[in-house]
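input_35.txt (compact mmCIF, C-alpha atoms) appears below.
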# COMPACT_ATOMS: atom_id res chain seq x y z
CA MET A 1 61.68 -46.98 8.52
CA ALA A 2 63.89 -47.99 11.41
CA ASP A 3 62.04 -51.32 11.62
CA GLY A 4 62.62 -52.00 7.91
CA SER A 5 59.07 -51.32 6.76
CA PHE A 6 57.14 -48.49 5.14
CA GLN A 7 55.26 -46.16 7.46
CA ALA A 8 51.56 -46.45 6.75
CA ASP A 9 50.53 -42.81 7.25
CA GLY A 10 46.92 -43.79 6.94
CA ALA A 11 46.83 -46.01 3.84
CA SER A 12 47.03 -49.73 3.26
CA ALA A 13 49.52 -51.08 0.75
CA PRO A 14 51.70 -54.12 0.04
CA VAL A 15 54.71 -54.63 2.25
CA GLY A 16 58.37 -54.79 1.30
CA ASN A 17 59.66 -53.47 -2.00
CA GLU A 18 56.34 -53.83 -3.78
CA GLY A 19 55.79 -50.50 -2.04
CA PRO A 20 52.82 -48.23 -2.75
CA GLN A 21 50.05 -49.27 -5.14
CA ILE A 22 51.13 -47.08 -8.03
CA GLY A 23 47.90 -47.64 -9.91
CA ARG A 24 45.90 -45.99 -7.16
CA GLU A 25 45.18 -42.28 -7.17
CA THR A 26 48.07 -40.04 -6.23
CA LEU A 27 47.61 -36.32 -6.99
CA SER A 28 45.08 -35.26 -9.60
CA ALA A 29 45.58 -32.40 -12.06
CA ASP A 30 42.85 -30.41 -10.32
CA GLU A 31 44.57 -30.83 -6.97
CA LEU A 32 47.94 -29.86 -8.36
CA ARG A 33 46.48 -26.63 -9.73
CA LYS A 34 45.87 -25.58 -6.11
CA PHE A 35 49.59 -25.87 -5.47
CA ARG A 36 50.83 -23.65 -8.28
CA SER A 37 53.57 -21.13 -7.63
CA SER A 38 52.75 -17.70 -6.24
CA SER A 39 54.89 -14.75 -7.34
CA ARG A 40 54.23 -12.92 -4.08
CA ARG A 41 55.12 -15.88 -1.90
CA SER A 42 58.24 -16.69 -3.93
CA ILE A 43 59.45 -13.07 -3.82
CA VAL A 44 59.00 -12.95 -0.04
CA GLN A 45 60.81 -16.27 0.43
CA VAL A 46 63.81 -15.50 -1.75
CA SER A 47 64.10 -11.94 -0.38
CA VAL A 48 64.08 -13.08 3.25
CA THR A 49 66.64 -15.80 2.49
CA LEU A 50 68.98 -13.51 0.55
CA LEU A 51 68.76 -10.71 3.12
CA ALA A 52 69.41 -13.14 5.95
CA TYR A 53 72.43 -14.55 4.09
CA VAL A 54 73.91 -11.11 3.30
CA ALA A 55 73.32 -9.97 6.90
CA THR A 56 75.07 -13.10 8.22
CA LEU A 57 78.05 -12.50 5.91
CA ALA A 58 78.21 -8.86 7.05
CA ALA A 59 78.19 -9.97 10.67
CA MET A 60 80.98 -12.46 10.00
CA TYR A 61 83.18 -9.85 8.35
CA THR A 62 82.48 -7.45 11.24
CA VAL A 63 83.30 -9.82 14.11
CA LEU A 64 86.29 -11.26 12.25
CA HIS A 65 88.32 -8.30 13.47
CA VAL A 66 87.41 -9.21 17.05
CA SER A 67 87.77 -12.99 16.90
CA VAL A 68 87.99 -15.62 14.19
CA TRP A 69 86.06 -17.99 16.46
CA LEU A 70 83.14 -15.57 16.72
CA ALA A 71 82.98 -15.52 12.92
CA MET A 72 83.16 -19.33 12.78
CA ALA A 73 80.19 -19.53 15.17
CA LEU A 74 78.05 -18.03 12.39
CA VAL A 75 79.17 -20.56 9.76
CA PRO A 76 76.33 -23.08 10.43
CA LEU A 77 73.73 -20.32 10.01
CA ALA A 78 75.28 -19.11 6.77
CA ALA A 79 75.67 -22.67 5.45
CA GLY A 80 72.00 -23.40 6.20
CA LEU A 81 70.98 -20.32 4.24
CA VAL A 82 73.15 -21.43 1.29
CA VAL A 83 71.35 -24.79 1.33
CA ARG A 84 68.01 -22.92 1.29
CA LEU A 85 69.18 -20.78 -1.64
CA PHE A 86 70.14 -23.93 -3.52
CA VAL A 87 66.64 -25.35 -2.98
CA ILE A 88 65.24 -22.15 -4.50
CA LEU A 89 67.62 -22.59 -7.47
CA HIS A 90 66.36 -26.17 -7.73
CA ASP A 91 62.73 -24.98 -7.88
CA CYS A 92 63.64 -22.43 -10.57
CA SER A 93 65.28 -25.18 -12.64
CA HIS A 94 61.92 -26.99 -12.74
CA ALA A 95 60.05 -23.77 -13.66
CA ALA A 96 58.24 -24.33 -10.35
CA TYR A 97 59.15 -21.18 -8.43
CA PHE A 98 57.52 -18.40 -10.46
CA PRO A 99 54.70 -18.47 -13.01
CA SER A 100 57.08 -16.50 -15.27
CA GLN A 101 59.89 -18.46 -16.87
CA ARG A 102 61.90 -15.23 -17.15
CA ALA A 103 61.65 -14.75 -13.38
CA ASN A 104 62.75 -18.36 -12.85
CA GLU A 105 65.81 -17.74 -15.02
CA ILE A 106 66.82 -14.54 -13.22
CA VAL A 107 66.40 -15.89 -9.68
CA GLY A 108 67.94 -19.24 -10.64
CA ARG A 109 71.09 -17.54 -11.94
CA LEU A 110 71.30 -15.28 -8.89
CA CYS A 111 71.04 -18.26 -6.55
CA GLY A 112 73.56 -20.05 -8.74
CA LEU A 113 76.04 -17.25 -8.09
CA MET A 114 75.41 -17.44 -4.33
CA THR A 115 75.89 -21.24 -4.35
CA PHE A 116 78.78 -21.47 -6.88
CA THR A 117 76.50 -23.36 -9.29
CA PRO A 118 76.33 -22.82 -13.09
CA TYR A 119 72.54 -22.67 -13.29
CA ALA A 120 71.80 -23.71 -16.89
CA ASN A 121 74.38 -26.48 -16.85
CA TRP A 122 73.15 -27.90 -13.55
CA ARG A 123 69.52 -27.65 -14.67
CA ARG A 124 70.04 -29.83 -17.73
CA HIS A 125 72.04 -32.45 -15.86
CA HIS A 126 69.37 -32.51 -13.16
CA ALA A 127 66.68 -33.10 -15.79
CA LEU A 128 68.54 -36.28 -16.78
CA HIS A 129 68.38 -37.40 -13.16
CA HIS A 130 64.59 -37.01 -13.13
CA ALA A 131 64.28 -38.98 -16.36
CA ALA A 132 66.13 -42.07 -15.19
CA TRP A 133 66.70 -42.35 -11.45
CA ASN A 134 66.33 -45.89 -10.04
CA ASN A 135 66.25 -47.35 -13.57
CA LEU A 136 68.75 -50.23 -13.72
CA ASP A 137 68.97 -50.03 -17.51
CA ARG A 138 69.71 -46.27 -17.62
CA ARG A 139 72.69 -45.93 -15.32
CA ASP A 140 74.99 -44.64 -18.08
CA GLY A 141 73.53 -41.11 -18.15
CA GLY A 142 76.02 -39.46 -15.83
CA VAL A 143 78.63 -39.83 -13.12
CA ASP A 144 76.41 -39.24 -10.10
CA ILE A 145 77.86 -41.59 -7.49
CA TYR A 146 75.21 -40.47 -5.02
CA VAL A 147 72.30 -42.02 -6.92
CA LEU A 148 73.82 -44.62 -9.22
CA CYS A 149 74.97 -47.93 -7.79
CA LEU A 150 76.13 -51.36 -8.87
CA THR A 151 74.09 -54.48 -8.37
CA LEU A 152 75.51 -57.08 -6.00
CA LYS A 153 76.11 -59.39 -8.96
CA GLU A 154 78.01 -56.67 -10.86
CA TYR A 155 80.13 -55.90 -7.81
CA LEU A 156 81.05 -59.56 -7.27
CA ALA A 157 82.05 -59.82 -10.94
CA LEU A 158 84.67 -57.07 -10.52
CA SER A 159 88.33 -57.85 -10.09
CA ARG A 160 89.81 -57.60 -6.62
CA ARG A 161 91.26 -54.22 -7.54
CA GLY A 162 87.92 -53.09 -9.01
CA ARG A 163 86.10 -53.99 -5.80
CA TRP A 164 88.69 -52.12 -3.73
CA LEU A 165 88.34 -49.01 -5.91
CA TYR A 166 84.55 -49.13 -5.74
CA ARG A 167 84.65 -49.51 -1.95
CA LEU A 168 87.02 -46.54 -1.73
CA GLN A 169 84.77 -44.45 -3.98
CA GLN A 170 81.75 -45.26 -1.82
CA HIS A 171 83.43 -44.85 1.56
CA PRO A 172 81.42 -42.38 3.70
CA ILE A 173 84.47 -40.21 4.39
CA VAL A 174 85.03 -39.86 0.63
CA THR A 175 81.41 -39.45 -0.45
CA GLN A 176 80.12 -37.39 2.46
CA PHE A 177 83.08 -35.16 3.37
CA LEU A 178 85.73 -35.03 0.64
CA ILE A 179 83.80 -35.03 -2.63
CA PRO A 180 81.01 -32.46 -1.89
CA PRO A 181 83.30 -29.40 -1.50
CA PHE A 182 85.31 -30.58 -4.50
CA VAL A 183 82.13 -30.75 -6.59
CA PHE A 184 80.95 -27.21 -5.79
CA MET A 185 84.28 -25.44 -5.78
CA VAL A 186 86.20 -27.32 -8.51
CA LEU A 187 84.04 -29.53 -10.74
CA PHE A 188 81.37 -26.86 -11.17
CA ARG A 189 84.08 -24.59 -12.56
CA LEU A 190 84.67 -27.05 -15.43
CA PRO A 191 82.21 -28.45 -17.99
CA PHE A 192 83.94 -31.81 -17.50
CA ASP A 193 80.88 -34.01 -18.17
CA THR A 194 78.96 -31.58 -20.42
CA PRO A 195 78.67 -32.66 -24.09
CA LYS A 196 80.29 -30.28 -26.57
CA ASP A 197 76.98 -29.59 -28.32
CA TRP A 198 75.41 -28.27 -25.09
CA LEU A 199 76.55 -24.76 -25.98
CA ARG A 200 74.24 -22.88 -23.62
CA GLU A 201 75.19 -25.10 -20.72
CA ARG A 202 78.92 -24.75 -21.36
CA ARG A 203 78.49 -20.98 -21.64
CA SER A 204 76.71 -21.07 -18.27
CA VAL A 205 79.85 -22.47 -16.64
CA LEU A 206 82.02 -19.73 -18.14
CA LEU A 207 79.65 -16.89 -17.20
CA THR A 208 79.27 -18.19 -13.65
CA ASN A 209 83.05 -18.34 -13.28
CA LEU A 210 83.46 -14.79 -14.59
CA SER A 211 80.75 -13.54 -12.22
CA LEU A 212 82.43 -15.25 -9.28
CA VAL A 213 85.78 -13.68 -10.21
CA ALA A 214 84.16 -10.24 -10.30
CA LEU A 215 82.27 -10.77 -7.02
CA PHE A 216 85.17 -12.17 -5.06
CA GLY A 217 87.61 -9.73 -6.64
CA ALA A 218 85.49 -6.92 -5.17
CA LEU A 219 85.35 -8.66 -1.77
CA VAL A 220 89.12 -9.16 -1.73
CA ALA A 221 89.63 -5.49 -2.62
CA CYS A 222 87.43 -4.49 0.33
CA PHE A 223 88.43 -7.00 3.01
CA GLY A 224 91.63 -8.76 1.86
CA TRP A 225 92.04 -12.30 0.62
CA GLN A 226 92.60 -13.81 4.07
CA ALA A 227 89.28 -12.51 5.40
CA VAL A 228 87.41 -13.63 2.28
CA LEU A 229 88.92 -17.10 2.53
CA ILE A 230 88.18 -17.43 6.27
CA VAL A 231 84.54 -16.38 5.80
CA HIS A 232 83.50 -18.14 2.60
CA LEU A 233 85.52 -21.37 2.51
CA PRO A 234 84.00 -22.97 5.64
CA ILE A 235 80.51 -21.88 4.56
CA MET A 236 80.78 -23.61 1.21
CA ILE A 237 82.40 -26.70 2.70
CA MET A 238 79.62 -27.13 5.27
CA ALA A 239 76.80 -26.23 2.86
CA SER A 240 78.04 -28.66 0.20
CA ILE A 241 78.35 -31.50 2.73
CA ILE A 242 74.84 -30.92 4.09
CA GLY A 243 73.25 -30.42 0.67
CA ILE A 244 74.75 -33.46 -1.01
CA TRP A 245 74.05 -35.65 2.03
CA MET A 246 70.39 -34.57 1.93
CA PHE A 247 70.22 -35.41 -1.78
CA ALA A 248 72.00 -38.74 -1.42
CA VAL A 249 70.08 -40.24 1.49
CA GLN A 250 66.70 -39.44 -0.07
CA HIS A 251 67.50 -41.49 -3.16
CA ARG A 252 69.68 -44.33 -1.93
CA PHE A 253 68.59 -45.83 1.37
CA GLU A 254 67.73 -49.26 2.71
CA GLU A 255 64.13 -49.44 1.42
CA THR A 256 64.63 -47.82 -1.98
CA GLU A 257 63.70 -49.77 -5.10
CA TRP A 258 65.54 -50.24 -8.40
CA VAL A 259 63.75 -51.77 -11.40
CA ARG A 260 64.45 -52.66 -15.01
CA HIS A 261 63.36 -50.29 -17.74
CA GLU A 262 60.23 -52.20 -18.72
CA GLU A 263 58.94 -51.89 -15.13
CA TRP A 264 60.05 -48.29 -14.57
CA SER A 265 57.68 -45.34 -14.40
CA ALA A 266 58.12 -41.85 -12.94
CA ALA A 267 55.34 -42.43 -10.40
CA ARG A 268 56.75 -45.75 -9.24
CA ALA A 269 60.24 -44.33 -8.95
CA ALA A 270 58.93 -41.32 -7.01
CA LEU A 271 57.01 -43.39 -4.48
CA ASN A 272 59.35 -46.38 -4.20
CA GLY A 273 62.69 -44.80 -5.05
CA THR A 274 62.65 -41.57 -3.04
CA SER A 275 61.63 -40.78 0.50
CA TYR A 276 60.08 -38.38 2.98
CA PHE A 277 62.91 -37.23 5.22
CA LYS A 278 61.22 -36.23 8.48
CA LEU A 279 63.07 -33.28 10.01
CA PRO A 280 62.48 -30.91 12.93
CA PRO A 281 60.71 -27.68 11.81
CA ILE A 282 63.86 -25.53 11.98
CA LEU A 283 65.83 -27.93 9.77
CA GLN A 284 62.83 -28.27 7.46
CA TRP A 285 62.90 -24.48 7.02
CA PHE A 286 66.63 -24.30 6.26
CA THR A 287 66.36 -27.17 3.76
CA GLY A 288 63.36 -25.61 2.01
CA ASN A 289 61.05 -28.62 2.52
CA ILE A 290 63.26 -30.72 0.24
CA GLY A 291 62.71 -33.57 2.69
CA PHE A 292 59.35 -34.10 0.96
CA HIS A 293 61.34 -35.51 -1.93
CA HIS A 294 58.78 -38.14 -2.91
CA VAL A 295 56.32 -35.34 -3.64
CA HIS A 296 58.90 -33.38 -5.61
CA HIS A 297 59.64 -36.34 -7.89
CA LEU A 298 55.94 -37.06 -8.30
CA ALA A 299 55.10 -33.42 -9.11
CA PRO A 300 58.27 -31.42 -9.97
CA ARG A 301 56.30 -28.24 -10.79
CA VAL A 302 55.14 -27.84 -7.19
CA PRO A 303 57.22 -25.15 -5.41
CA ASN A 304 58.93 -26.01 -2.14
CA TYR A 305 56.46 -24.06 0.02
CA HIS A 306 53.58 -26.31 -1.14
CA LEU A 307 55.34 -29.68 -0.77
CA GLN A 308 54.16 -30.32 2.77
CA ALA A 309 50.52 -29.63 1.84
CA CYS A 310 50.85 -32.05 -1.10
CA HIS A 311 52.34 -34.63 1.24
CA GLU A 312 49.35 -34.31 3.58
CA VAL A 313 47.03 -35.15 0.66
CA LEU A 314 49.23 -37.93 -0.71
CA LYS A 315 49.77 -39.78 2.58
CA THR A 316 46.03 -40.56 2.84
CA ARG A 317 46.26 -42.54 -0.43
CA GLN A 318 49.75 -44.01 -0.58
CA ARG A 319 52.22 -45.49 1.81
CA ILE A 320 55.18 -43.15 2.13
CA CYS A 321 58.69 -44.37 2.87
CA THR A 322 59.73 -42.18 5.80
CA LEU A 323 63.31 -41.58 6.90
CA THR A 324 64.22 -40.36 10.34
CA ILE A 325 67.56 -38.67 11.01
CA ARG A 326 68.75 -41.98 12.43
CA ASP A 327 67.76 -43.78 9.22
CA ALA A 328 69.52 -41.11 7.15
CA LEU A 329 72.74 -41.54 9.10
CA ARG A 330 72.63 -45.29 8.35
CA ALA A 331 71.74 -44.83 4.67
CA PRO A 332 75.31 -44.51 3.27
CA ARG A 333 75.92 -48.13 4.31
CA PHE A 334 73.51 -49.38 1.63
CA VAL A 335 75.52 -49.22 -1.58
CA LEU A 336 74.55 -52.24 -3.70
CA TRP A 337 71.25 -53.37 -5.20
CA ASP A 338 70.57 -57.08 -4.65
CA GLU A 339 68.23 -58.09 -7.49
CA ALA A 340 67.60 -61.51 -5.95
CA GLN A 341 66.34 -60.04 -2.66
CA GLY A 342 64.93 -56.87 -4.21
CA ARG A 343 66.64 -54.57 -1.70
CA MET A 344 69.68 -52.41 -1.04
CA VAL A 345 72.50 -54.12 0.85
CA PRO A 346 75.89 -53.15 2.33
CA PHE A 347 79.15 -54.42 0.91
CA PRO A 348 79.60 -58.13 1.58
CA ALA A 349 82.10 -58.98 4.31

Could I get this structure in the form of structure tokens?
Amino acid sequence: MADGSFQADGASAPVGNEGPQIGRETLSADELRKFRSSSRRSIVQVSVTLLAYVATLAAMYTVLHVSVWLAMALVPLAAGLVVRLFVILHDCSHAAYFPSQRANEIVGRLCGLMTFTPYANWRRHHALHHAAWNNLDRRDGGVDIYVLCLTLKEYLALSRRGRWLYRLQQHPIVTQFLIPPFVFMVLFRLPFDTPKDWLRERRSVLLTNLSLVALFGALVACFGWQAVLIVHLPIMIMASIIGIWMFAVQHRFEETEWVRHEEWSAARAALNGTSYFKLPPILQWFTGNIGFHHVHHLAPRVPNYHLQACHEVLKTRQRICTLTIRDALRAPRFVLWDEAQGRMVPFPA
């Protein structure tokens, strides 16, 4: 994507924001049945990830008595495992991880505790995202500044103060470094944008908070509050920054497409409005294949360990918008949708 075009990956398609030929075959029902969840594979994946995370935490608490800097050296490993646990939670929220919905609920809540996320509340809000992302006429369904954006015309119609506030809100330091830890450690503790009639979701926030109090109360009793703070605070800060950046750049980047409601479809939004984030194998492992985000939006019931195989099938039939790490680092610049040009643009000078 660095040259401003879609990568072909073996298929012919229109150029520019017309994107893939949505009417062509994507993934058939018979093919998707081959990529159903496997209880054995899911159990192995979540067990390895949880054990690795607990072992890393144990190592951090152990070396903390020798040197704080030795403990900090393990923060990137622990943060990567938290990101992987969140991807597993994400799969559970789509009933994609286990054939059993009960198993999805149990593992989803456990991963929610490990990632400071109220599982049921997050799941319902995330379902709204899947129903309306990249739909210009359905941008009132939440406060997700990482997906929603103004059009260039709407931005220019703002007052001078309104433009300044929107620029501040979208500044990379604010969106990429300040807001993510605040979301996971503060906003997720409050049902601030949860309707009052979502009783189960509001209860999820309360139960998650009580579980966190019990868990961290036990840790403080064992290790002291200073040690708990030194170990867990940097992990959650780094994990939240990485996780939200991954989510943001795969939805709002230079070549993404926004359309009006009458033109919107889930398939079009998946193929034109999300991307394949090409990562080195080690980063692909820690991020649970979430870089194959176009496949996830096209087929949300496919578990993370089958996304790459689905991508290999899909790329022979559709052009896939591919992001490199360099493209992803540039993506936060593109904050406004220019309807006249049909593309994302930076703020005007």

| message | Taking 2 positions as the minimum chain separation for residues in the same chain, which residues sit within 9 Å of region 180-185 of chain A when counting all atoms listed in the file? Answer as a count of residues only. | response | 21

| How many Å separate CA of Ser47 (chain A) from CA of Leu85 (chain A)? |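 CA of Leu85 (chain A) lies at a distance of 10.3 Å from CA of Ser47 (chain A).
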
Kindly assemble as JSON lines a list of the region 115-206 of chain A residues that lie within 12 Å of region 274-292 of chain A, each paired with its nearest atom pair and their distance in Å to one decimal, using all atoms listed in the file, sorted first by chain and then by ascending residue number.
{"residue": "A:His130", "atom": "CA", "partner": "A:Thr274", "partner_atom": "CA", "distance": 11.2}
{"residue": "A:Trp133", "atom": "CA", "partner": "A:Thr274", "partner_atom": "CA", "distance": 9.4}
{"residue": "A:Asn134", "atom": "CA", "partner": "A:Thr274", "partner_atom": "CA", "distance": 9.0}
{"residue": "A:Val147", "atom": "CA", "partner": "A:Thr274", "partner_atom": "CA", "distance": 10.4}

| request: Record the distance separating CA of Glu105 (chain A) and CA of Val48 (chain A), expressed in Å with one decimal. | output: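 Computing the Euclidean distance for CA of Glu105 (chain A) and CA of Val48 (chain A) yields 18.9 Å.
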
Sorted per-residue table, region 137-192 of chain A near region 327-335 of chain A, closest atoms and distance, 10 Å, all atoms listed in the file, as CSV:
residue,atom,partner,partner_atom,distance
A:Ile145,CA,A:Val335,CA,9.9
A:Tyr146,CA,A:Pro332,CA,9.2
A:Val147,CA,A:Val335,CA,9.5
A:Leu148,CA,A:Val335,CA,9.1
A:Cys149,CA,A:Val335,CA,6.4
A:Leu150,CA,A:Val335,CA,7.6
A:Thr151,CA,A:Val335,CA,8.7
A:Leu152,CA,A:Val335,CA,9.0
A:Tyr166,CA,A:Val335,CA,9.9
A:Arg167,CA,A:Val335,CA,9.1
A:Gln170,CA,A:Val335,CA,7.4
A:His171,CA,A:Pro332,CA,8.3
A:Pro172,CA,A:Pro332,CA,6.5
A:Thr175,CA,A:Pro332,CA,8.8
A:Gln176,CA,A:Pro332,CA,8.6

| message | Taking all atoms listed in the file into account, name the residue in A:Leu271, A:Leu51, A:Leu190, A:Pro118 that is nearest to Lys315 (chain A). | response | A:Leu271
